[in-house]
$ cat data.csv   # CSV, C-alpha atoms and all ligand atoms
chain,number,residue,atom,x,y,z
P,939,MET,CA,0.0,0.0,0.0
P,940,SER,CA,1.3,3.4,-0.9
P,941,ASP,CA,0.0,6.9,0.3
P,942,ARG,CA,1.4,8.4,-2.9
P,943,ASP,CA,-1.3,10.2,-4.8
P,944,GLY,CA,-2.4,13.7,-6.1
P,945,ILE,CA,0.6,15.5,-7.7
P,946,PHE,CA,2.8,12.4,-7.0
P,947,ALA,CA,0.4,9.9,-8.7
P,948,GLY,CA,1.7,7.5,-11.3
P,949,ASP,CA,4.8,5.4,-11.5
P,950,ASP,CA,6.6,7.1,-14.5
P,951,PRO,CA,8.9,9.9,-13.1
P,952,PHE,CA,9.2,11.5,-16.6
P,953,ALA,CA,5.4,11.9,-16.8
P,954,ILE,CA,5.3,13.5,-13.4
P,955,ALA,CA,8.2,15.8,-14.3
P,956,ARG,CA,6.3,16.8,-17.5
P,957,ALA,CA,3.1,17.5,-15.5
P,958,TRP,CA,4.9,19.6,-12.9
P,959,LEU,CA,6.7,21.6,-15.6
P,960,ALA,CA,3.4,22.2,-17.4
P,961,GLU,CA,2.0,23.5,-14.1
P,962,ALA,CA,5.0,25.7,-13.5
P,963,GLU,CA,4.7,27.2,-17.1
P,964,LYS,CA,1.4,28.7,-15.9
P,965,SER,CA,2.7,30.2,-12.7
P,966,GLU,CA,6.4,31.1,-13.1
P,967,PRO,CA,7.2,34.7,-14.2
P,968,ASN,CA,10.0,33.4,-16.6
P,969,ASP,CA,12.1,30.4,-17.5
P,970,PRO,CA,10.1,27.6,-15.7
P,971,ASN,CA,12.4,25.1,-17.4
P,972,ALA,CA,15.6,26.5,-15.8
P,973,ILE,CA,17.6,23.9,-13.9
P,974,ALA,CA,20.7,24.2,-11.7
P,975,LEU,CA,23.1,21.8,-13.4
P,976,SER,CA,26.0,20.4,-11.3
P,977,THR,CA,29.1,18.7,-12.5
P,978,VAL,CA,32.4,17.9,-10.9
P,979,ASP,CA,35.8,18.9,-12.1
P,980,ALA,CA,39.0,16.9,-12.4
P,981,ASP,CA,39.9,17.7,-8.8
P,982,GLY,CA,36.5,16.6,-7.5
P,983,MET,CA,35.5,20.2,-7.0
P,984,PRO,CA,31.7,20.6,-7.6
P,985,ASN,CA,30.4,23.2,-10.0
P,986,ALA,CA,26.9,24.5,-10.7
P,987,ARG,CA,25.2,26.8,-13.2
P,988,MET,CA,21.7,27.4,-14.6
P,989,VAL,CA,20.8,25.9,-18.0
P,990,LEU,CA,17.4,25.5,-19.8
P,991,LEU,CA,15.9,22.0,-19.9
P,992,LYS,CA,14.7,21.7,-23.5
P,993,GLU,CA,13.2,18.2,-23.6
P,994,ILE,CA,11.8,15.7,-21.2
P,995,GLU,CA,11.8,12.6,-23.3
P,996,GLU,CA,10.4,9.2,-22.6
P,997,ALA,CA,13.5,8.2,-20.6
P,998,ALA,CA,15.8,11.2,-20.4
P,999,PHE,CA,16.3,15.0,-19.9
P,1000,VAL,CA,18.0,17.1,-22.6
P,1001,PHE,CA,19.7,20.5,-22.5
P,1002,TYR,CA,22.0,22.3,-25.0
P,1003,THR,CA,25.3,23.9,-24.5
P,1004,ASN,CA,28.9,24.4,-25.8
P,1005,TYR,CA,30.9,21.2,-25.5
P,1006,GLU,CA,34.1,23.1,-24.9
P,1007,SER,CA,32.7,25.1,-22.0
P,1008,ALA,CA,33.7,24.2,-18.4
P,1009,LYS,CA,30.5,22.1,-18.1
P,1010,GLY,CA,31.0,20.5,-21.5
P,1011,ARG,CA,34.5,19.3,-20.4
P,1012,GLU,CA,33.4,18.2,-17.0
P,1013,LEU,CA,30.5,16.2,-18.4
P,1014,ALA,CA,32.8,14.6,-21.0
P,1015,ASP,CA,35.4,13.7,-18.2
P,1016,THR,CA,32.9,12.2,-15.7
P,1017,GLY,CA,29.9,11.2,-17.8
P,1018,LYS,CA,27.7,12.2,-14.8
P,1019,ALA,CA,25.5,15.1,-13.9
P,1020,ALA,CA,23.0,16.2,-11.3
P,1021,PHE,CA,20.4,18.9,-11.5
P,1022,VAL,CA,17.7,20.5,-9.5
P,1023,MET,CA,14.7,22.6,-10.8
P,1024,HIS,CA,12.9,24.7,-8.3
P,1025,TRP,CA,9.7,26.7,-8.7
P,1026,LYS,CA,9.0,29.4,-6.1
P,1027,SER,CA,5.4,29.8,-7.4
P,1028,LEU,CA,4.7,26.1,-6.7
P,1029,ARG,CA,7.0,25.6,-3.8
P,1030,ARG,CA,8.3,22.4,-5.4
P,1031,GLN,CA,11.6,20.9,-6.6
P,1032,ILE,CA,12.7,18.0,-8.7
P,1033,ARG,CA,16.2,16.6,-8.2
P,1034,VAL,CA,17.9,14.3,-10.8
P,1035,ARG,CA,21.2,12.4,-10.8
P,1036,GLY,CA,22.4,10.3,-13.7
P,1037,THR,CA,24.7,9.6,-16.6
P,1038,VAL,CA,25.1,11.8,-19.6
P,1039,THR,CA,25.7,11.3,-23.3
P,1040,ARG,CA,25.9,13.8,-26.2
P,1041,GLU,CA,23.0,14.6,-28.5
P,1042,GLU,CA,24.7,15.8,-31.6
P,1043,GLY,CA,22.6,14.3,-34.4
P,1044,PRO,CA,19.5,15.5,-36.2
P,1045,GLN,CA,17.7,16.3,-33.0
P,1046,ALA,CA,20.5,18.8,-32.1
P,1047,ASP,CA,20.4,20.2,-35.6
P,1048,ALA,CA,16.6,20.7,-35.4
P,1049,TYR,CA,16.9,22.4,-32.0
P,1050,PHE,CA,19.7,24.7,-33.2
P,1051,SER,CA,17.7,25.7,-36.3
P,1052,SER,CA,14.7,26.6,-34.1
P,1053,ARG,CA,16.7,29.2,-32.2
P,1054,SER,CA,16.7,32.9,-33.3
P,1055,LEU,CA,19.3,33.9,-35.9
P,1056,LYS,CA,21.1,36.1,-33.3
P,1057,SER,CA,21.3,33.1,-30.9
P,1058,ARG,CA,22.6,30.9,-33.6
P,1059,LEU,CA,25.3,33.4,-34.6
P,1060,GLY,CA,26.0,33.9,-30.9
P,1061,ALA,CA,26.8,30.2,-30.6
P,1062,TRP,CA,29.4,30.7,-33.4
P,1063,ALA,CA,30.8,33.8,-31.9
P,1064,SER,CA,31.3,32.8,-28.3
P,1065,ARG,CA,34.0,30.5,-27.0
P,1066,GLN,CA,31.9,29.8,-23.9
P,1067,SER,CA,33.8,29.9,-20.6
P,1068,GLN,CA,37.1,31.2,-22.2
P,1069,PRO,CA,38.6,34.5,-21.2
P,1070,LEU,CA,37.3,37.5,-23.3
P,1071,SER,CA,39.2,40.8,-23.5
P,1072,SER,CA,36.2,43.0,-23.9
P,1073,ARG,CA,32.5,43.1,-24.9
P,1074,GLY,CA,33.7,44.9,-28.1
P,1075,ALA,CA,35.8,41.9,-29.0
P,1076,LEU,CA,32.7,39.7,-28.7
P,1077,LEU,CA,30.7,42.0,-30.9
P,1078,ALA,CA,33.5,42.1,-33.5
P,1079,GLU,CA,33.4,38.3,-33.5
P,1080,VAL,CA,29.6,38.4,-34.0
P,1081,ALA,CA,30.1,40.7,-37.0
P,1082,ARG,CA,32.8,38.4,-38.4
P,1083,VAL,CA,30.7,35.2,-38.1
P,1084,THR,CA,27.6,37.0,-39.5
P,1085,ALA,CA,29.6,38.0,-42.6
P,1086,ARG,CA,30.8,34.4,-42.8
P,1087,HIS,CA,27.6,32.4,-42.1
P,1088,GLY,CA,24.9,34.9,-43.3
P,1089,THR,CA,21.3,34.1,-42.4
P,1090,ALA,CA,21.6,30.3,-42.3
P,1091,PRO,CA,24.3,29.2,-39.9
P,1092,HIS,CA,24.5,25.5,-39.4
P,1093,ARG,CA,25.1,24.0,-35.9
P,1094,PRO,CA,28.7,24.5,-34.8
P,1095,PRO,CA,30.5,21.2,-34.2
P,1096,TYR,CA,31.3,22.2,-30.6
P,1097,TRP,CA,27.7,23.0,-29.7
P,1098,GLY,CA,24.9,20.5,-29.0
P,1099,GLY,CA,22.8,18.6,-26.5
P,1100,PHE,CA,23.5,16.5,-23.4
P,1101,ARG,CA,21.0,13.8,-22.5
P,1102,ILE,CA,20.8,12.9,-18.8
P,1103,VAL,CA,19.5,9.4,-18.1
P,1104,PRO,CA,18.7,9.3,-14.5
P,1105,VAL,CA,19.3,6.7,-11.8
P,1106,GLU,CA,17.7,8.9,-9.2
P,1107,VAL,CA,14.8,11.3,-9.4
P,1108,GLU,CA,13.2,13.0,-6.4
P,1109,PHE,CA,10.0,15.0,-6.3
P,1110,TRP,CA,9.6,17.4,-3.4
P,1111,ALA,CA,6.6,19.5,-2.4
P,1112,ASP,CA,6.4,22.0,0.4
P,1113,GLY,CA,4.3,20.9,3.3
P,1114,ALA,CA,2.9,22.8,6.3
P,1115,TYR,CA,5.4,23.2,9.3
P,1116,ARG,CA,8.3,21.9,7.2
P,1117,LEU,CA,6.6,18.4,6.9
P,1118,HIS,CA,7.3,18.3,3.2
P,1119,ASP,CA,6.5,15.4,0.9
P,1120,ARG,CA,9.4,13.7,-0.8
P,1121,PHE,CA,9.3,10.7,-3.1
P,1122,GLN,CA,12.4,9.2,-4.6
P,1123,TRP,CA,12.7,7.0,-7.7
P,1124,ARG,CA,15.9,5.0,-7.6
P,1125,ARG,CA,17.5,2.3,-9.7
P,1126,ALA,CA,21.0,0.8,-9.8
P,1127,SER,CA,21.3,1.3,-13.5
P,1128,PRO,CA,19.0,2.6,-16.3
P,1129,SER,CA,18.1,-1.0,-17.3
P,1130,ASP,CA,16.8,-1.8,-13.8
P,1131,ALA,CA,13.3,-1.2,-12.5
P,1132,TRP,CA,12.6,1.9,-10.4
P,1133,GLU,CA,12.2,1.6,-6.6
P,1134,ILE,CA,10.0,4.3,-5.2
P,1135,THR,CA,10.5,5.4,-1.6
P,1136,ARG,CA,8.9,8.1,0.5
P,1137,LEU,CA,11.7,10.0,2.2
P,1138,SER,CA,11.6,12.0,5.5
P,1139,PRO,CA,11.5,15.7,5.0
P,1201,LIG,C1,18.2,31.1,-16.6
P,1201,LIG,C2,19.5,30.8,-17.3
P,1201,LIG,C3,19.5,29.9,-18.3
P,1201,LIG,C4,20.7,29.5,-19.0
P,1201,LIG,N1,20.6,28.6,-20.0
P,1201,LIG,C5,21.7,28.1,-20.5
P,1201,LIG,C6,21.7,27.0,-21.5
P,1201,LIG,O1,20.6,26.5,-21.8
P,1201,LIG,N2,22.9,26.6,-22.0
P,1201,LIG,C7,24.1,27.2,-21.7
P,1201,LIG,O2,25.1,26.8,-22.2
P,1201,LIG,N3,24.1,28.2,-20.8
P,1201,LIG,C8,23.0,28.7,-20.2
P,1201,LIG,N4,23.1,29.7,-19.3
P,1201,LIG,C9,24.4,30.2,-18.9
P,1201,LIG,C10,25.1,29.3,-17.9
P,1201,LIG,O3,24.5,29.5,-16.6
P,1201,LIG,C11,26.6,29.5,-17.8
P,1201,LIG,O4,26.9,30.9,-17.6
P,1201,LIG,C12,27.3,29.1,-19.1
P,1201,LIG,O5,26.7,28.0,-19.7
P,1201,LIG,C13,28.8,28.8,-18.8
P,1201,LIG,O6,28.9,27.7,-17.8
P,1201,LIG,P1,30.2,26.9,-17.6
P,1201,LIG,O7,31.4,27.8,-17.6
P,1201,LIG,O8,30.0,26.2,-16.3
P,1201,LIG,O9,30.3,25.9,-18.7
P,1201,LIG,C14,21.9,30.1,-18.6
P,1201,LIG,C15,21.9,31.0,-17.5
P,1201,LIG,C16,20.8,31.3,-16.9
P,1201,LIG,C17,20.8,32.3,-15.7
$ encode --input "data.csv" --output "structure tokens" --more "lines below"
Ligand SMILES: Cc1cc2nc3c(=O)[nH]c(=O)nc-3n(C[C@H](O)[C@H](O)[C@H](O)COP(=O)(O)O)c2cc1C
Amino acid sequence: MSDRDGIFAGDDPFAIARAWLAEAEKSEPNDPNAIALSTVDADGMPNARMVLLKEIEEAAFVFYTNYESAKGRELADTGKAAFVMHWKSLRRQIRVRGTVTREEGPQADAYFSSRSLKSRLGAWASRQSQPLSSRGALLAEVARVTARHGTAPHRPPYWGGFRIVPVEVEFWADGAYRLHDRFQWRRASPSDAWEITRLSP
């Protein structure tokens, strides 16, 4: 017997995540799909930054970035990531931990082409996370890549998606007097079945 119902109902954590995000889209002032993505560097030092979650697939979470950025290198080195998404308007969070692989095929091409022209040119102009001498230097680079790529820039080879396949997903909802509800989906590997556990707040 489980006392899991309401916003926690159902056994598919991806379906619950999609439902919560759809609710947050109605109540958040902006970027309801923002996630704090954590990685670990070669010295074991944790790192975190916001990125936008672009797809909740049947069995994975996808975001896009520059593969040569700090996060891109850390993800390539460890093959692992964690993220949390938090909605103040709903007083809820979702936590995810898992392994990552690149999405650099037609799906990444399609997402890149859906971005505005300025964003696509920006991806060509910015060596994300590298030192930059001035804003002027960046704007000069934007002008240079605009002259080179025109109005139809293709996806840069160093830019694309990461797909996070979770081994842990936790749904957290605020409760009165800090008696929050927490349910954790956990599996030893992506080919194992989920074990679902209520956790103490
Ligand atoms: C709300 C928000 C959304 C962001 N979305 C992205 C994103 O989807 N992809 C990305 O590469 N950077 C995004 N950024 C910028 C990152 O937080 C970060 O500055 C950049 O990716 C460099 O991180 P790194 O040096 O750790 O690689 C976003 C920042 C904010 C505040």
$ residues_near_point --input "data.csv" --point "(17.4, 26.2, -41.9)" --cutoff "8 Å" --atoms "all atoms listed in the file" --output "list of chain:residue names"
P:Ser1051, P:Ala1090, P:Pro1091, P:His1092
$ atom_distance --input "data.csv" --atom1 "atom CA of Val978 of chain P" --atom2 "atom CA of Leu1059 of chain P"
29.2 Å
$ residues_near_ligand --input "data.csv" --ligand "ligand LIG 1201 (chain P)" --cutoff "12 Å" --atoms "only C-alpha atoms and all ligand atoms" --output "JSON, numbers by chain"
{"P": [967, 968, 969, 970, 971, 972, 973, 974, 975, 976, 977, 978, 979, 984, 985, 986, 987, 988, 989, 990, 991, 992, 993, 1000, 1001, 1002, 1003, 1004, 1005, 1006, 1007, 1008, 1009, 1010, 1011, 1012, 1013, 1014, 1023, 1024, 1049, 1050, 1053, 1057, 1060, 1061, 1064, 1065, 1066, 1067, 1068, 1069, 1096, 1097, 1098, 1099, 1100]}
$ closest_residue --input "data.csv" --among "P:Glu961, P:His1118, P:Val1083, P:Arg1093" --to "Ser1052 of chain P" --atoms "all atoms listed in the file"
P:Arg1093
$ closest_residue --input "data.csv" --among "P:Phe946, P:Tyr1115, P:Trp1123, P:Trp1062" --to "Val1080 of chain P" --atoms "all atoms listed in the file"
P:Trp1062
$ closest_residue --input "data.csv" --among "P:Trp1132, P:Phe999, P:Trp1025, P:Phe1121" --to "Ser940 of chain P" --atoms "all atoms listed in the file"
P:Phe1121
$ atom_distance --input "data.csv" --atom1 "atom CA of Asp950 of chain P" --atom2 "atom CA of Gly1036 of chain P"
16.1 Å
$ closest_residue --input "data.csv" --among "P:Asp949, P:Asp981, P:Glu1079, P:Asp1047" --to "Gln1122 of chain P" --atoms "all atoms listed in the file"
P:Asp949
$ atom_distance --input "data.csv" --atom1 "atom CA of Gln1031 of chain P" --atom2 "atom CA of Trp1110 of chain P"
5.1 Å
$ closest_residue --input "data.csv" --among "P:Lys964, P:Lys1056, P:Arg1030, P:Arg1035" --to "Arg1125 of chain P" --atoms "all atoms listed in the file"
P:Arg1035
$ closest_residue --input "data.csv" --among "P:Gly1113, P:Pro1139, P:Pro1128, P:Gly1043" --to "Pro1095 of chain P" --atoms "only C-alpha atoms"
P:Gly1043
$ axis_aligned_box --input "data.csv" --around "segment 1109-1124 of chain P" --padding-each-side "8 Å" --output "AutoDock Vina command-line options"
--center_x 9.4 --center_y 14.1 --center_z 0.8 --size_x 29.0 --size_y 34.2 --size_z 33.0
$ decode --input "data.csv" --residues "segment 1058-1079 of chain P" --atoms "N, CA and C atoms" --output "PDB file, in the first residue's frame"
ATOM      1  N   ARG P1058      21.810  31.816 -32.844  1.00  0.00           N
ATOM      2  CA  ARG P1058      22.635  30.866 -33.609  1.00  0.00           C
ATOM      3  C   ARG P1058      23.998  31.487 -33.909  1.00  0.00           C
ATOM      4  N   LEU P1059      24.001  32.774 -34.279  1.00  0.00           N
ATOM      5  CA  LEU P1059      25.279  33.437 -34.566  1.00  0.00           C
ATOM      6  C   LEU P1059      26.082  33.596 -33.277  1.00  0.00           C
ATOM      7  N   GLY P1060      25.371  33.823 -32.167  1.00  0.00           N
ATOM      8  CA  GLY P1060      26.045  33.939 -30.878  1.00  0.00           C
ATOM      9  C   GLY P1060      26.784  32.660 -30.521  1.00  0.00           C
ATOM     10  N   ALA P1061      26.172  31.522 -30.843  1.00  0.00           N
ATOM     11  CA  ALA P1061      26.829  30.234 -30.557  1.00  0.00           C
ATOM     12  C   ALA P1061      28.130  30.114 -31.354  1.00  0.00           C
ATOM     13  N   TRP P1062      28.135  30.667 -32.581  1.00  0.00           N
ATOM     14  CA  TRP P1062      29.363  30.651 -33.385  1.00  0.00           C
ATOM     15  C   TRP P1062      30.397  31.627 -32.833  1.00  0.00           C
ATOM     16  N   ALA P1063      29.904  32.763 -32.288  1.00  0.00           N
ATOM     17  CA  ALA P1063      30.841  33.827 -31.899  1.00  0.00           C
ATOM     18  C   ALA P1063      31.471  33.603 -30.528  1.00  0.00           C
ATOM     19  N   SER P1064      30.783  32.863 -29.649  1.00  0.00           N
ATOM     20  CA  SER P1064      31.255  32.779 -28.269  1.00  0.00           C
ATOM     21  C   SER P1064      32.034  31.508 -27.995  1.00  0.00           C
ATOM     22  N   ARG P1065      33.243  31.679 -27.473  1.00  0.00           N
ATOM     23  CA  ARG P1065      34.012  30.517 -26.992  1.00  0.00           C
ATOM     24  C   ARG P1065      33.670  30.390 -25.513  1.00  0.00           C
ATOM     25  N   GLN P1066      32.516  29.810 -25.252  1.00  0.00           N
ATOM     26  CA  GLN P1066      31.942  29.834 -23.909  1.00  0.00           C
ATOM     27  C   GLN P1066      32.933  29.376 -22.839  1.00  0.00           C
ATOM     28  N   SER P1067      33.000  30.177 -21.778  1.00  0.00           N
ATOM     29  CA  SER P1067      33.829  29.945 -20.587  1.00  0.00           C
ATOM     30  C   SER P1067      35.305  30.285 -20.788  1.00  0.00           C
ATOM     31  N   GLN P1068      35.705  30.724 -22.009  1.00  0.00           N
ATOM     32  CA  GLN P1068      37.096  31.160 -22.229  1.00  0.00           C
ATOM     33  C   GLN P1068      37.212  32.651 -21.882  1.00  0.00           C
ATOM     34  N   PRO P1069      38.415  33.110 -21.458  1.00  0.00           N
ATOM     35  CA  PRO P1069      38.586  34.545 -21.169  1.00  0.00           C
ATOM     36  C   PRO P1069      38.261  35.383 -22.407  1.00  0.00           C
ATOM     37  N   LEU P1070      37.702  36.592 -22.163  1.00  0.00           N
ATOM     38  CA  LEU P1070      37.300  37.483 -23.254  1.00  0.00           C
ATOM     39  C   LEU P1070      37.839  38.862 -22.909  1.00  0.00           C
ATOM     40  N   SER P1071      38.550  39.504 -23.858  1.00  0.00           N
ATOM     41  CA  SER P1071      39.223  40.765 -23.525  1.00  0.00           C
ATOM     42  C   SER P1071      38.234  41.906 -23.297  1.00  0.00           C
ATOM     43  N   SER P1072      37.124  41.919 -24.036  1.00  0.00           N
ATOM     44  CA  SER P1072      36.161  43.015 -23.865  1.00  0.00           C
ATOM     45  C   SER P1072      34.858  42.631 -24.547  1.00  0.00           C
ATOM     46  N   ARG P1073      33.776  43.357 -24.222  1.00  0.00           N
ATOM     47  CA  ARG P1073      32.510  43.123 -24.908  1.00  0.00           C
ATOM     48  C   ARG P1073      32.660  43.463 -26.396  1.00  0.00           C
ATOM     49  N   GLY P1074      33.483  44.508 -26.667  1.00  0.00           N
ATOM     50  CA  GLY P1074      33.726  44.917 -28.060  1.00  0.00           C
ATOM     51  C   GLY P1074      34.305  43.774 -28.879  1.00  0.00           C
ATOM     52  N   ALA P1075      35.203  43.012 -28.260  1.00  0.00           N
ATOM     53  CA  ALA P1075      35.822  41.885 -28.982  1.00  0.00           C
ATOM     54  C   ALA P1075      34.765  40.845 -29.339  1.00  0.00           C
ATOM     55  N   LEU P1076      33.802  40.653 -28.426  1.00  0.00           N
ATOM     56  CA  LEU P1076      32.731  39.681 -28.690  1.00  0.00           C
ATOM     57  C   LEU P1076      31.850  40.176 -29.845  1.00  0.00           C
ATOM     58  N   LEU P1077      31.515  41.488 -29.814  1.00  0.00           N
ATOM     59  CA  LEU P1077      30.653  42.038 -30.865  1.00  0.00           C
ATOM     60  C   LEU P1077      31.365  41.984 -32.222  1.00  0.00           C
ATOM     61  N   ALA P1078      32.684  42.187 -32.203  1.00  0.00           N
ATOM     62  CA  ALA P1078      33.459  42.105 -33.454  1.00  0.00           C
ATOM     63  C   ALA P1078      33.410  40.681 -33.989  1.00  0.00           C
ATOM     64  N   GLU P1079      33.459  39.710 -33.086  1.00  0.00           N
ATOM     65  CA  GLU P1079      33.396  38.307 -33.500  1.00  0.00           C
ATOM     66  C   GLU P1079      32.007  37.981 -34.062  1.00  0.00           C
TER      67      GLU P1079
END
